[in-house]
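Student: Once you've had a glance at the structure underneath, I'll fire off some questions.
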Amino acid sequence: MFKYKMDILQELKEHGYNTNKLRTDKLLGESAIQALRKGKIVGITSLDVICTLLNCQLSDIIEHTN
């Protein structure tokens, strides 16, 4: 099972990307934002955007647990 190492939306907010900006700039779709709120893993395209915005690697935000 995969889980986030951090609160992704909070981290994005600290980098200047609140949910309104993510929507209006079409960086993430509504379904991805809702999934992040629920702690669910989003698709690879959304993860790519998140890593780009946070200037990090996938392993910095997701970990595998048993």
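Each chain in the structure tokens gets a letter, A, B and so on, in the order shown; residues start at 1 in every chain, and ligands are counted from 1 in the order they appear.
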Please return, as a list in words, all residues of chain A that DSSP assigns to strand (DSSP E or B) on the basis of the backbone.
Tutor: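 Put together, the selection reads Phe2, Lys3, Tyr4, Ile62, Glu63 and His64 of chain A.
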Student: Applying 10 Å and only C-alpha atoms, which residues near stretch 6-20 of chain A remain after dropping the ones on its own chain fewer than 2 positions away? List them as a list of chain:residue names.
Tutor: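 The neighbour list is A:Lys3, A:Tyr4, A:Leu22, A:Arg23, A:Thr24, A:Asp25, A:Lys26, A:Leu27, A:Leu28, A:Gly29, A:Glu30, A:Ile33, A:Gln34, A:Leu36, A:Arg37, A:Gly39, A:Ile50, A:Cys51, A:Leu53, A:Leu54, A:Asn55, A:Asp60, A:Ile61, A:Ile62.
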Student: Quick one, how far is atom CA of A:Met1 from atom CA of A:His64?
Tutor: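 Atom CA of A:His64 lies at a distance of 5.6 Å from atom CA of A:Met1.
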